[in-house]
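File shown: target34.txt (compact mmCIF, C-alpha atoms).
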# COMPACT_ATOMS: atom_id res chain seq x y z
CA MET F 171 -102.90 -60.20 -26.06
CA ALA F 172 -102.88 -59.23 -29.73
CA CYS F 173 -105.99 -57.20 -29.12
CA ASN F 174 -104.37 -55.35 -26.21
CA PHE F 175 -101.31 -54.68 -28.34
CA THR F 176 -103.40 -53.20 -31.17
CA ILE F 177 -105.27 -50.99 -28.73
CA THR F 178 -102.00 -49.75 -27.26
CA VAL F 179 -100.60 -48.98 -30.72
CA VAL F 180 -103.76 -47.12 -31.66
CA ILE F 181 -103.75 -45.12 -28.44
CA ILE F 182 -100.08 -44.22 -28.84
CA SER F 183 -100.60 -43.18 -32.47
CA VAL F 184 -103.59 -41.04 -31.58
CA MET F 185 -101.61 -39.44 -28.75
CA LEU F 186 -98.68 -38.75 -31.08
CA ILE F 187 -100.95 -37.18 -33.69
CA LEU F 188 -102.66 -35.09 -31.01
CA PHE F 189 -99.32 -33.90 -29.65
CA ARG F 190 -98.17 -33.05 -33.14
CA LEU F 191 -101.43 -31.17 -33.78
CA LEU F 192 -101.05 -29.26 -30.53
CA TYR F 193 -97.46 -28.43 -31.44
CA VAL F 194 -98.53 -27.17 -34.88
CA PHE F 195 -101.31 -25.04 -33.35
CA TYR F 196 -98.86 -23.73 -30.74
CA GLN F 197 -96.19 -22.93 -33.31
CA SER F 198 -98.51 -21.47 -35.99
CA GLY F 199 -98.82 -17.75 -35.83
CA LYS F 200 -95.41 -17.46 -34.16
CA PRO F 201 -92.93 -15.39 -36.13
CA LEU F 202 -90.02 -17.25 -37.70
CA LYS F 203 -86.66 -16.65 -36.03
CA THR F 204 -84.66 -13.84 -37.59
CA ARG F 205 -82.87 -15.47 -40.44
CA GLY F 206 -79.59 -13.61 -40.73
CA SER F 207 -79.14 -9.88 -41.11
CA ALA F 208 -80.78 -7.88 -43.89
CA GLY F 209 -79.85 -9.06 -47.34
CA LEU F 210 -78.33 -12.27 -46.05
CA ALA F 211 -81.63 -13.98 -45.31
CA SER F 212 -82.30 -16.49 -48.07
CA PRO F 213 -85.35 -15.96 -50.30
CA LEU F 214 -88.52 -17.93 -49.63
CA SER F 215 -90.48 -19.81 -52.26
CA THR F 216 -93.88 -18.17 -52.38
CA LEU F 217 -97.28 -19.33 -53.50
CA ILE F 218 -99.57 -16.45 -54.50
CA ILE F 219 -103.23 -17.35 -54.84
CA LEU F 220 -105.13 -14.96 -57.10
CA GLY F 221 -108.82 -14.84 -56.35
CA SER F 222 -110.22 -13.09 -59.47
CA GLY F 223 -111.59 -9.57 -59.91
CA GLY F 224 -111.24 -7.31 -56.89
CA HIS F 225 -109.35 -9.98 -54.96
CA THR F 226 -106.64 -10.10 -57.61
CA ALA F 227 -106.41 -6.31 -57.73
CA GLU F 228 -105.81 -6.22 -53.96
CA MET F 229 -103.22 -8.99 -54.15
CA LEU F 230 -101.31 -7.23 -56.93
CA ASN F 231 -101.29 -4.06 -54.80
CA LEU F 232 -99.67 -6.05 -52.01
CA LEU F 233 -97.14 -7.65 -54.38
CA SER F 234 -96.12 -4.27 -55.73
CA VAL F 235 -94.74 -3.31 -52.30
CA LEU F 236 -93.14 -6.65 -51.38
CA GLN F 237 -89.42 -7.05 -52.11
CA LYS F 238 -89.28 -9.54 -54.96
CA ASP F 239 -85.82 -10.83 -54.06
CA ARG F 240 -87.13 -12.05 -50.71
CA PHE F 241 -90.11 -13.88 -52.14
CA SER F 242 -88.65 -16.07 -54.84
CA PRO F 243 -89.36 -18.19 -56.77
CA ARG F 244 -93.01 -17.14 -57.06
CA PHE F 245 -95.82 -19.48 -58.04
CA TYR F 246 -99.06 -17.87 -59.13
CA VAL F 247 -102.25 -19.88 -58.95
CA ALA F 248 -105.67 -18.75 -60.21
CA ALA F 249 -109.00 -20.45 -60.79
CA ALA F 250 -109.31 -22.26 -64.13
CA THR F 251 -112.37 -20.14 -64.93
CA ASP F 252 -110.47 -16.92 -64.40
CA ASN F 253 -108.51 -15.83 -67.46
CA MET F 254 -107.66 -12.32 -66.38
CA SER F 255 -105.77 -12.81 -63.12
CA LEU F 256 -102.73 -14.72 -64.40
CA GLN F 257 -102.44 -12.26 -67.31
CA LYS F 258 -102.38 -9.37 -64.86
CA ALA F 259 -99.79 -11.10 -62.68
CA GLN F 260 -97.67 -11.80 -65.75
CA LEU F 261 -97.88 -8.13 -66.67
CA LEU F 262 -96.72 -7.15 -63.19
CA GLU F 263 -93.84 -9.65 -63.35
CA GLU F 264 -92.74 -8.38 -66.77
CA THR F 265 -92.19 -4.90 -65.41
CA GLU F 266 -89.72 -6.38 -62.92
CA ASP F 267 -86.18 -7.56 -63.50
CA LYS F 268 -86.12 -10.10 -66.34
CA MET F 269 -83.61 -12.51 -64.75
CA GLU F 270 -85.64 -12.67 -61.58
CA THR F 271 -89.03 -13.15 -63.18
CA SER F 272 -88.00 -16.03 -65.41
CA ARG F 273 -88.31 -18.21 -62.33
CA SER F 274 -91.94 -17.31 -61.72
CA GLN F 275 -94.57 -19.84 -62.66
CA PHE F 276 -98.25 -19.50 -63.47
CA MET F 277 -100.81 -22.24 -62.89
CA GLN F 278 -104.54 -22.80 -62.88
CA ILE F 279 -106.62 -24.68 -60.35
CA TYR F 280 -110.19 -25.97 -60.25
CA ARG F 281 -112.37 -23.74 -58.16
CA SER F 282 -114.14 -25.05 -55.09
CA ARG F 283 -117.10 -22.74 -55.53
CA GLU F 284 -118.28 -20.29 -58.16
CA VAL F 285 -120.06 -17.10 -57.18
CA GLY F 286 -123.71 -18.00 -56.73
CA GLN F 287 -123.19 -21.78 -56.65
CA SER F 288 -125.39 -23.62 -54.13
CA TYR F 289 -123.81 -24.92 -50.95
CA ILE F 290 -124.81 -28.51 -51.73
CA THR F 291 -123.04 -28.84 -55.09
CA SER F 292 -120.16 -26.95 -53.53
CA VAL F 293 -119.32 -30.08 -51.51
CA LEU F 294 -118.56 -32.13 -54.64
CA THR F 295 -116.66 -29.40 -56.46
CA THR F 296 -114.66 -28.73 -53.30
CA LEU F 297 -113.61 -32.40 -53.25
CA ILE F 298 -112.34 -32.25 -56.83
CA ALA F 299 -110.56 -29.02 -56.05
CA MET F 300 -108.91 -30.67 -53.03
CA VAL F 301 -107.35 -33.47 -55.12
CA HIS F 302 -106.04 -31.01 -57.67
CA ALA F 303 -104.77 -28.74 -54.93
CA LEU F 304 -102.90 -31.63 -53.29
CA TRP F 305 -101.12 -32.39 -56.54
CA LEU F 306 -100.14 -28.73 -56.99
CA MET F 307 -98.99 -28.37 -53.39
CA LEU F 308 -96.80 -31.48 -53.62
CA ARG F 309 -95.11 -29.92 -56.62
CA ILE F 310 -94.69 -26.42 -55.19
CA ARG F 311 -94.22 -27.01 -51.44
CA PRO F 312 -94.09 -23.25 -50.79
CA GLN F 313 -92.51 -21.67 -47.72
CA VAL F 314 -94.86 -18.70 -47.89
CA ILE F 315 -98.51 -18.58 -48.97
CA LEU F 316 -100.18 -15.27 -49.75
CA CYS F 317 -103.93 -15.34 -50.22
CA ASN F 318 -106.99 -13.13 -49.87
CA GLY F 319 -109.95 -15.28 -50.85
CA PRO F 320 -112.34 -16.32 -52.18
CA GLY F 321 -112.76 -20.13 -52.02
CA THR F 322 -109.84 -20.96 -54.32
CA CYS F 323 -107.35 -20.61 -51.49
CA VAL F 324 -109.10 -22.83 -48.93
CA PRO F 325 -108.03 -26.28 -50.26
CA LEU F 326 -104.46 -25.08 -50.77
CA CYS F 327 -104.27 -23.65 -47.26
CA VAL F 328 -105.82 -26.74 -45.65
CA ILE F 329 -103.22 -28.88 -47.42
CA ALA F 330 -100.48 -26.52 -46.27
CA PHE F 331 -101.71 -27.10 -42.72
CA LEU F 332 -101.66 -30.90 -43.21
CA PHE F 333 -98.12 -30.62 -44.59
CA LYS F 334 -97.18 -28.86 -41.35
CA VAL F 335 -98.70 -31.66 -39.28
CA VAL F 336 -97.08 -34.44 -41.33
CA GLY F 337 -93.80 -32.58 -41.55
CA ILE F 338 -93.56 -32.25 -45.34
CA ARG F 339 -93.20 -28.48 -45.28
CA TRP F 340 -93.65 -25.65 -42.78
CA SER F 341 -95.26 -22.82 -44.71
CA SER F 342 -96.30 -19.48 -43.33
CA VAL F 343 -99.82 -18.62 -44.44
CA PHE F 344 -100.85 -14.97 -44.76
CA TYR F 345 -104.48 -14.14 -45.40
CA VAL F 346 -105.72 -10.63 -46.19
CA GLU F 347 -109.49 -10.37 -45.87
CA SER F 348 -111.01 -8.54 -48.83
CA ILE F 349 -111.71 -4.83 -48.57
CA ALA F 350 -115.32 -5.72 -49.41
CA ARG F 351 -115.68 -7.29 -45.95
CA VAL F 352 -116.55 -4.56 -43.53
CA GLN F 353 -118.83 -6.17 -40.93
CA ARG F 354 -118.45 -9.93 -41.38
CA LEU F 355 -115.61 -12.20 -42.50
CA SER F 356 -115.96 -14.15 -45.73
CA LEU F 357 -116.52 -17.90 -45.47
CA SER F 358 -112.90 -18.54 -46.51
CA GLY F 359 -111.63 -15.96 -44.07
CA LEU F 360 -113.72 -17.33 -41.23
CA LEU F 361 -112.45 -20.88 -41.86
CA LEU F 362 -108.79 -19.95 -42.08
CA HIS F 363 -109.07 -17.71 -39.04
CA LYS F 364 -111.09 -20.00 -36.78
CA LEU F 365 -109.10 -23.14 -37.63
CA ARG F 366 -105.89 -21.17 -37.16
CA ILE F 367 -104.70 -22.19 -40.59
CA ALA F 368 -103.59 -18.64 -41.36
CA ASP F 369 -100.44 -17.70 -39.44
CA GLN F 370 -101.27 -14.05 -39.81
CA PHE F 371 -104.70 -12.72 -40.61
CA PHE F 372 -105.20 -9.17 -41.86
CA VAL F 373 -108.41 -7.14 -42.04
CA GLN F 374 -108.95 -3.80 -43.76
CA TRP F 375 -111.66 -2.32 -41.55
CA PRO F 376 -111.49 -1.57 -37.80
CA GLN F 377 -114.96 -3.07 -37.22
CA LEU F 378 -113.64 -6.54 -38.09
CA GLN F 379 -110.58 -6.22 -35.89
CA LYS F 380 -112.88 -5.51 -32.93
CA LYS F 381 -114.80 -8.73 -33.63
CA TYR F 382 -111.70 -10.81 -34.26
CA PRO F 383 -108.96 -9.56 -31.93
CA ARG F 384 -106.32 -11.95 -33.27
CA ALA F 385 -106.59 -10.25 -36.67
CA HIS F 386 -104.27 -7.39 -37.62
CA TYR F 387 -105.92 -4.19 -38.81
CA VAL F 388 -103.91 -2.81 -41.73
CA GLY F 389 -106.13 -0.16 -43.30
CA CYS F 390 -107.34 -0.18 -46.90
CA LEU F 391 -105.21 -1.80 -49.59
CA MET F 392 -107.10 -0.10 -52.40
CA MET L 1399 -115.74 23.91 -85.61
CA GLY L 1400 -117.08 26.28 -83.01
CA ASP L 1401 -120.32 24.38 -82.94
CA THR L 1402 -118.70 20.97 -82.37
CA GLU L 1403 -116.62 22.42 -79.57
CA VAL L 1404 -119.72 23.65 -77.83
CA THR L 1405 -121.47 20.29 -78.19
CA MET L 1406 -118.32 18.46 -76.99
CA LYS L 1407 -118.19 20.62 -73.92
CA SER L 1408 -121.81 20.23 -73.05
CA LYS L 1409 -121.70 16.46 -73.47
CA LYS L 1410 -122.16 14.82 -70.09
CA THR L 1411 -122.02 11.05 -70.07
CA VAL L 1412 -123.38 8.67 -67.48
CA PHE L 1413 -121.48 5.40 -67.57
CA VAL L 1414 -123.34 2.39 -66.19
CA THR L 1415 -121.38 -0.79 -65.48
CA VAL L 1416 -122.56 -4.20 -64.24
CA GLY L 1417 -119.12 -5.89 -64.18
CA THR L 1418 -118.30 -9.40 -65.32
CA THR L 1419 -121.67 -11.04 -64.70
CA ARG L 1420 -125.18 -9.70 -65.20
CA PHE L 1421 -127.40 -7.26 -63.37
CA ASP L 1422 -130.59 -6.87 -65.39
CA ALA L 1423 -132.37 -5.11 -62.54
CA LEU L 1424 -129.87 -2.25 -62.79
CA VAL L 1425 -130.00 -2.01 -66.59
CA LYS L 1426 -133.80 -2.07 -66.42
CA ALA L 1427 -133.85 0.62 -63.74
CA VAL L 1428 -131.58 2.89 -65.79
CA ASP L 1429 -133.73 2.26 -68.86
CA THR L 1430 -136.94 3.43 -67.20
CA ARG L 1431 -138.45 6.70 -68.38
CA GLU L 1432 -138.31 8.11 -64.82
CA VAL L 1433 -134.57 7.57 -64.38
CA LYS L 1434 -133.75 8.80 -67.90
CA GLU L 1435 -135.81 11.95 -67.34
CA GLU L 1436 -134.19 12.53 -63.97
CA LEU L 1437 -130.70 12.19 -65.48
CA SER L 1438 -131.67 14.53 -68.28
CA ARG L 1439 -132.99 17.02 -65.73
CA ARG L 1440 -129.67 16.88 -63.88
CA GLY L 1441 -127.91 17.91 -67.11
CA TYR L 1442 -126.63 14.58 -68.39
CA THR L 1443 -126.85 14.13 -72.15
CA GLU L 1444 -125.87 10.52 -72.73
CA ILE L 1445 -126.07 7.12 -71.06
CA LEU L 1446 -123.58 4.39 -71.93
CA ILE L 1447 -124.37 0.98 -70.46
CA GLN L 1448 -121.94 -1.92 -70.05
CA MET L 1449 -124.55 -4.65 -69.66
CA GLY L 1450 -122.39 -7.80 -69.32
CA ARG L 1451 -124.17 -11.11 -69.73
CA GLY L 1452 -127.56 -9.62 -69.03
CA SER L 1453 -130.54 -10.58 -71.15
CA TYR L 1454 -132.41 -7.29 -70.83
CA ILE L 1455 -131.53 -5.13 -73.84
CA PRO L 1456 -132.00 -1.42 -73.18
CA SER L 1457 -133.65 0.71 -75.84
CA LYS L 1458 -131.05 2.54 -77.94
CA SER L 1459 -131.66 6.20 -78.62
CA ASP L 1460 -129.64 8.88 -80.36
CA GLY L 1461 -131.01 11.50 -78.08
CA GLY L 1462 -133.07 13.70 -80.40
CA ASP L 1463 -135.90 15.92 -79.06
CA ASP L 1464 -134.16 16.83 -75.80
CA SER L 1465 -134.23 13.22 -74.61
CA ILE L 1466 -131.10 11.56 -73.29
CA ALA L 1467 -129.04 9.40 -75.68
CA VAL L 1468 -128.69 5.73 -74.76
CA ASP L 1469 -126.11 3.27 -76.02
CA TYR L 1470 -124.83 -0.05 -74.69
CA PHE L 1471 -122.21 -2.81 -75.11
CA THR L 1472 -121.62 -6.13 -73.39
CA PHE L 1473 -117.96 -6.24 -72.35
CA SER L 1474 -114.72 -4.38 -72.82
CA SER L 1475 -111.26 -5.54 -71.77
CA SER L 1476 -110.82 -2.31 -69.87
CA ILE L 1477 -113.48 0.09 -68.68
CA ALA L 1478 -110.89 2.69 -67.64
CA ASP L 1479 -111.42 4.88 -70.72
CA TYR L 1480 -115.21 4.85 -70.24
CA LEU L 1481 -114.83 5.79 -66.58
CA ARG L 1482 -112.46 8.60 -67.47
CA ALA L 1483 -114.85 10.00 -70.06
CA ALA L 1484 -117.85 9.86 -67.72
CA SER L 1485 -119.33 12.67 -65.67
CA LEU L 1486 -121.24 10.24 -63.47
CA VAL L 1487 -120.75 6.53 -62.91
CA ILE L 1488 -123.52 4.16 -61.88
CA SER L 1489 -121.93 0.87 -60.92
CA HIS L 1490 -122.63 -2.57 -59.47
CA ALA L 1491 -121.15 -3.07 -56.00
CA GLY L 1492 -117.98 -4.94 -57.01
CA SER L 1493 -114.93 -3.55 -55.24
CA GLY L 1494 -112.96 -3.43 -58.51
CA SER L 1495 -115.14 -0.90 -60.27
CA ILE L 1496 -115.88 1.00 -57.04
CA PHE L 1497 -112.22 1.74 -56.36
CA GLU L 1498 -111.32 2.27 -60.02
CA THR L 1499 -114.03 4.95 -60.17
CA LEU L 1500 -113.13 6.55 -56.82
CA ARG L 1501 -109.47 6.77 -57.82
CA LEU L 1502 -110.46 8.73 -60.91
CA GLY L 1503 -112.43 11.08 -58.68
CA LYS L 1504 -115.70 10.50 -60.53
CA PRO L 1505 -119.07 10.90 -58.80
CA LEU L 1506 -120.38 7.41 -58.17
CA ILE L 1507 -123.70 5.78 -57.40
CA VAL L 1508 -123.34 2.14 -56.36
CA VAL L 1509 -126.40 -0.01 -56.95
CA VAL L 1510 -126.54 -3.20 -54.90
CA ASN L 1511 -127.68 -6.42 -56.57
CA GLU L 1512 -130.31 -7.84 -54.26
CA ASP L 1513 -130.48 -11.12 -56.23
CA LEU L 1514 -127.04 -12.41 -55.26
CA MET L 1515 -127.06 -15.39 -52.90
CA ASP L 1516 -124.23 -14.13 -50.76
CA ASN L 1517 -125.02 -10.47 -50.57
CA HIS L 1518 -122.00 -9.19 -48.70
CA GLN L 1519 -121.33 -6.59 -51.37
CA SER L 1520 -123.63 -4.05 -49.77
CA GLU L 1521 -121.25 -3.82 -46.76
CA LEU L 1522 -118.54 -2.02 -48.69
CA ALA L 1523 -120.93 0.29 -50.53
CA GLU L 1524 -122.73 1.17 -47.27
CA GLU L 1525 -119.47 1.89 -45.44
CA LEU L 1526 -118.15 4.09 -48.26
CA ALA L 1527 -121.54 5.82 -48.48
CA ASP L 1528 -121.42 6.49 -44.70
CA ARG L 1529 -118.03 8.06 -45.29
CA LYS L 1530 -119.57 10.20 -48.08
CA HIS L 1531 -117.34 8.83 -50.85
CA LEU L 1532 -120.28 7.65 -52.96
CA TYR L 1533 -124.04 7.28 -53.12
CA TYR L 1534 -125.69 3.99 -52.32
CA ALA L 1535 -128.85 2.82 -54.08
CA ARG L 1536 -131.02 -0.15 -54.87
CA PRO L 1537 -132.54 -0.54 -58.33
CA ASN L 1538 -135.88 0.80 -57.09
CA THR L 1539 -134.38 3.80 -55.25
CA LEU L 1540 -132.05 4.86 -58.06
CA GLN L 1541 -134.37 7.57 -59.33
CA HIS L 1542 -134.66 9.24 -55.91
CA ILE L 1543 -130.92 9.06 -55.30
CA ILE L 1544 -130.26 10.77 -58.64
CA ALA L 1545 -132.88 13.43 -57.86
CA ASP L 1546 -131.46 14.15 -54.37
CA MET L 1547 -127.72 13.75 -54.93
CA LYS L 1548 -125.32 16.62 -54.43
CA VAL L 1549 -122.26 15.58 -56.37
CA GLU L 1550 -120.16 18.43 -54.95
CA SER L 1551 -120.65 17.22 -51.38
CA LEU L 1552 -118.94 13.88 -52.00
CA ILE L 1553 -115.57 13.53 -50.25
CA PRO L 1554 -112.62 12.48 -52.47
CA TYR L 1555 -111.27 9.03 -51.64
CA HIS L 1556 -107.58 8.78 -50.79
CA PRO L 1557 -106.27 5.41 -52.01
CA GLY L 1558 -104.84 3.18 -49.32
CA ASP L 1559 -101.66 1.19 -49.65
CA ALA L 1560 -100.28 -2.20 -48.73
CA THR L 1561 -97.10 -1.20 -46.91
CA PRO L 1562 -98.50 -1.97 -43.41
CA VAL L 1563 -99.24 -5.55 -44.55
CA ALA L 1564 -95.83 -5.88 -46.19
CA LYS L 1565 -94.15 -4.71 -42.97
CA LEU L 1566 -95.98 -7.26 -40.84
CA ILE L 1567 -95.23 -10.07 -43.29
CA ASN L 1568 -91.54 -9.15 -43.42
CA ARG L 1569 -91.33 -8.96 -39.64
CA PHE L 1570 -93.06 -12.32 -39.27
CA LEU L 1571 -90.66 -13.99 -41.69
CA GLY L 1572 -87.59 -12.53 -40.05
CA PHE L 1573 -86.74 -10.07 -42.80
CA SER L 1574 -85.76 -6.53 -41.95
CA GLU L 1575 -88.66 -4.13 -42.31
CA ASP L 1576 -87.37 -1.61 -44.80
I'd like the structure from this file rewritten - as structure tokens, please.
Amino acid sequence: MACNFTITVVIISVMLILFRLLYVFYQSGKPLKTRGSAGLASPLSTLIILGSGGHTAEMLNLLSVLQKDRFSPRFYVAAATDNMSLQKAQLLEETEDKMETSRSQFMQIYRSREVGQSYITSVLTTLIAMVHALWLMLRIRPQVILCNGPGTCVPLCVIAFLFKVVGIRWSSVFYVESIARVQRLSLSGLLLHKLRIADQFFVQWPQLQKKYPRAHYVGCLM
Amino acid sequence: MGDTEVTMKSKKTVFVTVGTTRFDALVKAVDTREVKEELSRRGYTEILIQMGRGSYIPSKSDGGDDSIAVDYFTFSSSIADYLRAASLVISHAGSGSIFETLRLGKPLIVVVNEDLMDNHQSELAEELADRKHLYYARPNTLQHIIADMKVESLIPYHPGDATPVAKLINRFLGFSED
């Protein structure tokens, strides 16, 4: 009897989780309902993941055309090994309205993989990065995530997806594949696209849009 | 005075940049007698190398006896001034320096680092070379590319912008699109 009961509970739990997963997959990538007329829509807390070097430059280009009052407060995250990106973001924020920017925060995160690191040691470093990412995500719980690679964004986006499943927070994940990717997606891009973790996925070259029809072709950001 | 003005005008600098890491193969290639002679033949008077964390130290030269002057440094917080002062840029394939150079309208040769594990960088350089915005080389083809290049035939790059992405994001989130 007890055995049967346990089995039933397990089956029901698995079914519930599966249904929830299906719901999340179904709902991801669907636009949010219009939230009031222009100006009335409340701002969304936004996590901006800076990827270093060219990635950061592309992200800052995107930020410069986004309305800051809609994406607020803003949380900037960059790899702990990357000193330049947060400085550049701070510089961009300082040129904006002072009252607004005082709410922005800047944080560092352990990187899952350095350029040139072997795939085997990447497993361990990714694990450490995951734990740190979980702690950050619990603190921030962003409504919007903007990212464009490389690996730094993967743990954060995976956790955002788990938060969706568990019901902690529904965040919209936007991924812009780097301009350097012309023929093939990056590993991060491929993961977030294939696993449908990114709600919207942008590519900068038409060749990639042909290979991945769910992606949006947006032309060059640089 | 007149003399310095003449020398200032005739000064043509080649700026070589390897970015934030190292790219000894490129520094070595630039430092070969063949490449230096080829650059000199094409009218360049000076090579300035940003060599990053590389271990290969190029041979400094002040450029007497008609040879090309060579100088180097490891890093600079901003390479913008060096790019601006250059007549030709030879760069690693990082998108940062590629677009910074193209925006300044400087002739550019991108040299791909064949030693990188994940060598996706050649994609961007190849695509932009196909579109005639720059020249594409490997360390061992650099000399031929310099010999054959026609700087005037390069097509200026018009910088893109992020407004299409911003529009889609705004629409997705239920904001108005303006």
Show me which bits of chain L are within 7 Å of chain F, counting only C-alpha atoms, as a PyMOL selection string. chain L and resi 1493-1494+1497+1514-1515+1519+1521-1522+1557-1564+1570-1574
May I ask which of the residues L:Asp1429, L:Ser1551, L:Gly1450, L:Asp1528 is the closest one to Gly1417 in chain L, counting only C-alpha atoms? L:Gly1450
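Relative to CA of His363 in chain F, CA of Ile290 in chain F is found at 22.9 Å.
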Compile the contact shell of range 1455-1472 of chain L as a ChimeraX atom specification: residues with an atom at most 8 Å away, counting only C-alpha atoms, same-chain residues fewer than 3 positions apart removed. /L:1425-1426,1429,1434-1435,1437-1438,1442-1452
Rank nothing, just name the residue among F:Pro325, F:Pro312, F:Leu378, F:Ala249 nearest to Gln278 in chain F, using only C-alpha atoms.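 Using only C-alpha atoms, the shortest distance to Gln278 in chain F belongs to F:Ala249.
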What is the distance between CA of Leu1526 in chain L and CA of Tyr382 in chain F, in Å to one decimal?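 Between CA of Leu1526 in chain L and CA of Tyr382 in chain F the gap is 21.4 Å.
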Write out as an MDAnalysis selection string the residues lying within 8 Å of Phe276 in chain F, counting all atoms listed in the file and excluding same-chain residues fewer than 3 positions away. chainID F and resid 245:247 256
Residue neighbourhood Leu1481 in chain L, 9 Å, only C-alpha atoms, exclusion window fewer than 6 positions, as a PDB file with C-alpha atoms, in the frame of the given file:
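Output saved as result_1.pdb:
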ATOM      1  CA  PHE L1413    -121.480   5.400 -67.570  1.00  0.00           C
ATOM      2  CA  VAL L1487    -120.750   6.530 -62.910  1.00  0.00           C
ATOM      3  CA  GLU L1498    -111.320   2.270 -60.020  1.00  0.00           C
ATOM      4  CA  THR L1499    -114.030   4.950 -60.170  1.00  0.00           C
ATOM      5  CA  LEU L1502    -110.460   8.730 -60.910  1.00  0.00           C
ATOM      6  CA  LYS L1504    -115.700  10.500 -60.530  1.00  0.00           C
TER       7      LYS L1504
END
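Each of L:Val1416, L:Arg1440, L:Thr1430, L:Leu1424 was compared to Asp1546 in chain L using all atoms listed in the file, and L:Arg1440 turns out to be the nearest.
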Could you list, with a cut-off of 12 Å and counting only C-alpha atoms, the residues of range 268-357 of chain F near range 175-187 of chain F, each shown with its nearest atom pair and the distance in Å rounded to one decimal, rows sorted by chain and ascending number, as CSV?
residue,atom,partner,partner_atom,distance
F:Leu332,CA,F:Ile187,CA,11.4
F:Lys334,CA,F:Ile187,CA,11.9
F:Val335,CA,F:Ile187,CA,8.2
F:Val336,CA,F:Ile187,CA,9.0
F:Gly337,CA,F:Ile187,CA,11.6
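Each of F:Gly321, F:Leu306, F:Ile315, F:Cys173 was checked against Ser292 in chain F using all atoms listed in the file; the smallest atom-to-atom distance is that of F:Gly321.
Summary of the local environment: counting only C-alpha atoms, residues at most 10 Å from Ala1527 in chain L, other than itself and those fewer than 4 positions away along its chain, are Leu1506, Ile1507, Val1508, Glu1521, Leu1522, Ala1523, His1531, Leu1532, Tyr1533, Tyr1534, Ala1535, Leu1552 and Ile1553 of chain L.
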Using C-alpha atoms, can you export the residues from the last selection as an mmCIF file, in the coordinates of the input?
data_model
loop_
_atom_site.group_PDB
_atom_site.id
_atom_site.type_symbol
_atom_site.label_atom_id
_atom_site.label_comp_id
_atom_site.auth_asym_id
_atom_site.auth_seq_id
_atom_site.Cartn_x
_atom_site.Cartn_y
_atom_site.Cartn_z
ATOM 1 C CA LEU L 1506 -120.380 7.410 -58.170
ATOM 2 C CA ILE L 1507 -123.700 5.780 -57.400
ATOM 3 C CA VAL L 1508 -123.340 2.140 -56.360
ATOM 4 C CA GLU L 1521 -121.250 -3.820 -46.760
ATOM 5 C CA LEU L 1522 -118.540 -2.020 -48.690
ATOM 6 C CA ALA L 1523 -120.930 0.290 -50.530
ATOM 7 C CA HIS L 1531 -117.340 8.830 -50.850
ATOM 8 C CA LEU L 1532 -120.280 7.650 -52.960
ATOM 9 C CA TYR L 1533 -124.040 7.280 -53.120
ATOM 10 C CA TYR L 1534 -125.690 3.990 -52.320
ATOM 11 C CA ALA L 1535 -128.850 2.820 -54.080
ATOM 12 C CA LEU L 1552 -118.940 13.880 -52.000
ATOM 13 C CA ILE L 1553 -115.570 13.530 -50.250
#
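From CA of Pro243 in chain F back to CA of Arg309 in chain F, the distance works out to 13.1 Å.
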Here is a test: counting only C-alpha atoms, which residue of L:Ala1423, L:Met1547, L:Val1412, L:Val1510 is nearest to Ile1488 in chain L?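 Among the listed residues, L:Val1412 lies closest to Ile1488 in chain L.
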